[in-house]
Amino acid sequence: MDPVREVEGRAYPFGLKNVDTDIIIPAHWLKTISREGLGEGAFEALRKDENNVFDRPEFAGAPIIVAGDNFGCGSSREHAAWALLDMGVKAVIAPSFSDIFSGNAFKNGILTVALPQEAIDRLMEVAETDPISIDLENQTVTTPFQDRFTFEIDPFRKHCLMEGLDEVGLTLERDSAIAGYEARQTGEMPWYAKGTALSA
Amino acid sequence: MASKPRTLYEKIWDAHLVERREDGTCLIYIDRHLVHEVTSPQAFEALRLSGRKVRRPELTLAVPDHNLPTTARLDEKGHRIPIADPQSAQQLAALESNAPEFGIRYFGATDIHQGIVHVVGPELGFSLPGATIVCGDSHTSCHGGIGALAFGIGTSEVEHVLASQTLLLTQSKTMEVRVEGELSPGVTPKDLILHIIGTIGTAGGTGHVIEYRGKVFEEMSIEGRLTVCNMSIEGGARAGLVAPDEKTFAYLKGREYAPKGEDWDRAVAYWKTLKTDEGASFDKSVVIDAATVEPTVTWGTSPEDTVSIGGEVPAPESFADPSKQKAAQASLNYMGLQPGQKMSDIEVQNVFIGSCTNSRIEDLRAAAEVLKGRSKAPGVKWAIVVPGSGLVKKQAEEEGLDKIFIEAGLEWREPGCSACLGMNPDKVPPEERCASTSNRNFVGRQGPGARTHLVSPAMAAAAAVTGKLTDVRELR
Ligand code: SF4
């Protein structure tokens, strides 16, 4: 996974509350065999409205979404995070997130930033015309107009995001421990190590 | 540590600990990984995108089951018959190319080894006692029947196992389900597990790993133990276990991937130590008197909605818990049943004998024994027998069971998940009833609007003969 240190650029001034994962990616997209290409289905229902924020040309490829309270509630589908990632989103700023969604977002390298409603209101305003900048190291969100908001984040998640470590990557860092276990097992219980290699 | 008495689960857990992290989560080594077409495509894709390899390809086995139609797979000329549903076809094609790309052994649709993952693993000796076994499928608990610690995982975890052969886990609590005494004649392992789930409820085992203990399980065949452990997840437990014993060793010996020669002797010596120690304690304990278990069926849309075949559809008011009363009423509406109806008066239009719960040779023998010389009732429109694997199918045909089924008016199909879930073409029509040997009677599970009654293979056969839910003991 790519490290996330700073996310900077235009932000969709979305603002909707209680956006569930069905809104982010509808169920009929789940039969796919890929994590990619889901961006096309992201916010499908909302995008039927021709004035929707996601299709306004000035926001094309924007890496940030500014959203309302309780973003990502509902079904646990990991496809919601995959869909955002596929449309180029690297961070979502909202007053709060569902636990499952923020876990899935984290697993896929998407930063979820929780800020109070007043800050969100201000960012919604700025997003209409100017870029927003998120600095993960210093845990701040800033605008070109001297706005500066600080946010909290779990230190473990911060570390993983900054180093670009996904859970698999983190485990693979423990390679010597895993290899040590394998050597022990092959010595003491060799029958588990053979698997399908046993027969042709 | 060594002096403290441990449960079987704790022994297997300890034997697979790679390391314990500061926050208490543990990196656990995974010995066996089964992969099917539905929950694996994104995991393989993620490996490709990150340029990662499969750490130990020989510890993973791939086989398609959920999407495969159970009708003929080859035409007269021996060519593969294409799969009609484009999305099913795409998922199947993905597994067929992912497995060789990552060096994983794969048994395709026309291979005799193909079958439902949870039938294939034990029957090939790929699943072994004392092993940790995972699969992107909740019924992985099945493999606990041979004394393995086996549980279902999500797609991100499938990727994690492929890449690292480990999982980050927190240790579960332990629960014993002790069955005392003996089962009455005509009462099968399926009846017992339905009765157990009816007793503990679908949340009874949540957060726990169940060990099934007592003479009934010691005397039970391995296939019966697989049936029992299969439905542990329906009782809320992620895994279920029966301690391995001489029966387990006899079942596994000589199977394709089972250890051979000196490895076998060493393995058996180790497996004999895999028992809960005298004095070890469980976090939770449930005791059931085997003599009270009757042939059991479900009346509602949750696997805990069980009643003996001699019983009646319960009234929602008979439940103490108000939320259960509501759920029961909703179940009865969906199932089209009235309180007080006798279970043995309920007519069925469909019969399904199959699924990872009940599609092994002993299950088919039990059904054939009832069907022999009889034929299906006129009211039964659709009755299919779906063997769990190509090897089960072959064995059944060698024993002539297929002829018994066909002569009785049932269809004999190719292996797969089939009507257990409505993902392939085998579905139960809306508002029709099915006596089914599968494991879930959820709303819409066997097709939109389908009404499922979970039963044992012998009871499913009896229902085919009479056209109603029937106490199979009355047919003997
Ligand atoms: S037979 Fe049914 S329960 Fe078993 S793996 Fe297939 S779909 Fe799942």
# chains A, B, ... in the order shown; residues from 1 in each chain; ligands from 1
$ interface_residues --of "chain B" --to "chain A" --cutoff "6 Å" --atoms "only C-alpha atoms" --output "mmCIF file with N, CA and C atoms, in the first residue's frame"
data_model
loop_
_atom_site.group_PDB
_atom_site.id
_atom_site.type_symbol
_atom_site.label_atom_id
_atom_site.label_comp_id
_atom_site.auth_asym_id
_atom_site.auth_seq_id
_atom_site.Cartn_x
_atom_site.Cartn_y
_atom_site.Cartn_z
ATOM 1 N N VAL B 18 2.603 -18.337 16.797
ATOM 2 C CA VAL B 18 3.859 -17.826 16.244
ATOM 3 C C VAL B 18 4.417 -16.775 17.195
ATOM 4 N N PRO B 41 -11.692 -14.124 -5.290
ATOM 5 C CA PRO B 41 -11.143 -13.323 -6.404
ATOM 6 C C PRO B 41 -10.436 -12.037 -5.961
ATOM 7 N N GLN B 42 -11.030 -11.296 -5.022
ATOM 8 C CA GLN B 42 -10.410 -10.037 -4.596
ATOM 9 C C GLN B 42 -9.123 -10.278 -3.816
ATOM 10 N N GLU B 58 1.464 -25.157 -1.315
ATOM 11 C CA GLU B 58 1.061 -26.546 -1.077
ATOM 12 C C GLU B 58 0.122 -26.696 0.125
ATOM 13 N N LEU B 59 -0.056 -25.635 0.893
ATOM 14 C CA LEU B 59 -0.972 -25.709 2.038
ATOM 15 C C LEU B 59 -2.361 -25.169 1.698
ATOM 16 N N HIS B 160 -4.618 -12.482 3.631
ATOM 17 C CA HIS B 160 -3.624 -12.535 4.697
ATOM 18 C C HIS B 160 -3.008 -13.933 4.813
ATOM 19 N N TYR B 257 -3.781 -37.225 0.775
ATOM 20 C CA TYR B 257 -2.823 -36.283 1.358
ATOM 21 C C TYR B 257 -2.541 -36.571 2.827
ATOM 22 N N PRO B 259 -0.625 -38.266 5.968
ATOM 23 C CA PRO B 259 0.786 -38.642 6.099
ATOM 24 C C PRO B 259 1.007 -40.134 5.835
ATOM 25 N N ASP B 263 6.042 -40.806 8.990
ATOM 26 C CA ASP B 263 5.268 -39.599 9.301
ATOM 27 C C ASP B 263 3.922 -39.967 9.924
#
$ residues_around --residues "range 452-463 of chain B" --least-positions-apart "4" --cutoff "8 Å" --atoms "only C-alpha atoms" --output "number ranges by chain"
B: 188, 190-191, 295-301, 303, 348, 351-353, 358, 363-364, 366-371, 433-442, 446, 467-472, 475
$ residues_near_ligand --ligand "ligand 1" --cutoff "8 Å" --atoms "only C-alpha atoms and all ligand atoms" --output "count of residues only"
22
$ select_by_dssp --residues "range 134-367 of chain B" --states "alpha helix (DSSP H)" --output "ChimeraX atom specification"
/B:155-164,189-200,215-219,222-230,246-252,261-271,322-335,361-367
$ residues_around --residues "Gln139 in chain A" --least-positions-apart "4" --cutoff "9 Å" --atoms "only C-alpha atoms" --output "number ranges by chain"
A: 134-135, 149-153
$ write_last_selection --atoms "N, CA and C atoms" --output "JSON list (two decimals), in the first residue's frame"
[["chain", "number", "residue", "atom", "x", "y", "z"],
["A", 134, "ILE", "N", -4.54, 17.91, 4.33],
["A", 134, "ILE", "CA", -4.51, 17.11, 5.56],
["A", 134, "ILE", "C", -3.07, 16.67, 5.80],
["A", 135, "ASP", "N", -2.56, 16.98, 6.99],
["A", 135, "ASP", "CA", -1.19, 16.59, 7.35],
["A", 135, "ASP", "C", -1.31, 15.55, 8.45],
["A", 149, "PHE", "N", -7.37, 23.00, 11.84],
["A", 149, "PHE", "CA", -8.10, 22.12, 12.76],
["A", 149, "PHE", "C", -7.23, 20.92, 13.09],
["A", 150, "THR", "N", -7.18, 20.54, 14.37],
["A", 150, "THR", "CA", -6.41, 19.33, 14.71],
["A", 150, "THR", "C", -7.37, 18.17, 14.96],
["A", 151, "PHE", "N", -6.88, 16.96, 14.66],
["A", 151, "PHE", "CA", -7.74, 15.76, 14.86],
["A", 151, "PHE", "C", -6.96, 14.68, 15.60],
["A", 152, "GLU", "N", -7.72, 13.76, 16.16],
["A", 152, "GLU", "CA", -7.14, 12.62, 16.89],
["A", 152, "GLU", "C", -7.08, 11.41, 15.96],
["A", 153, "ILE", "N", -6.10, 10.54, 16.16],
["A", 153, "ILE", "CA", -6.07, 9.28, 15.42],
["A", 153, "ILE", "C", -5.32, 8.25, 16.26]]
$ select_by_dssp --residues "range 65-107 of chain A" --states "strand (DSSP E or B)" --output "NGL selection string"
:A and (65-66 or 71 or 73 or 91-94 or 97)
$ closest_residue --among "A:Ile110, A:Leu16, A:Ala11, A:Leu115" --to "Arg56 in chain A" --atoms "only C-alpha atoms"
A:Ala11
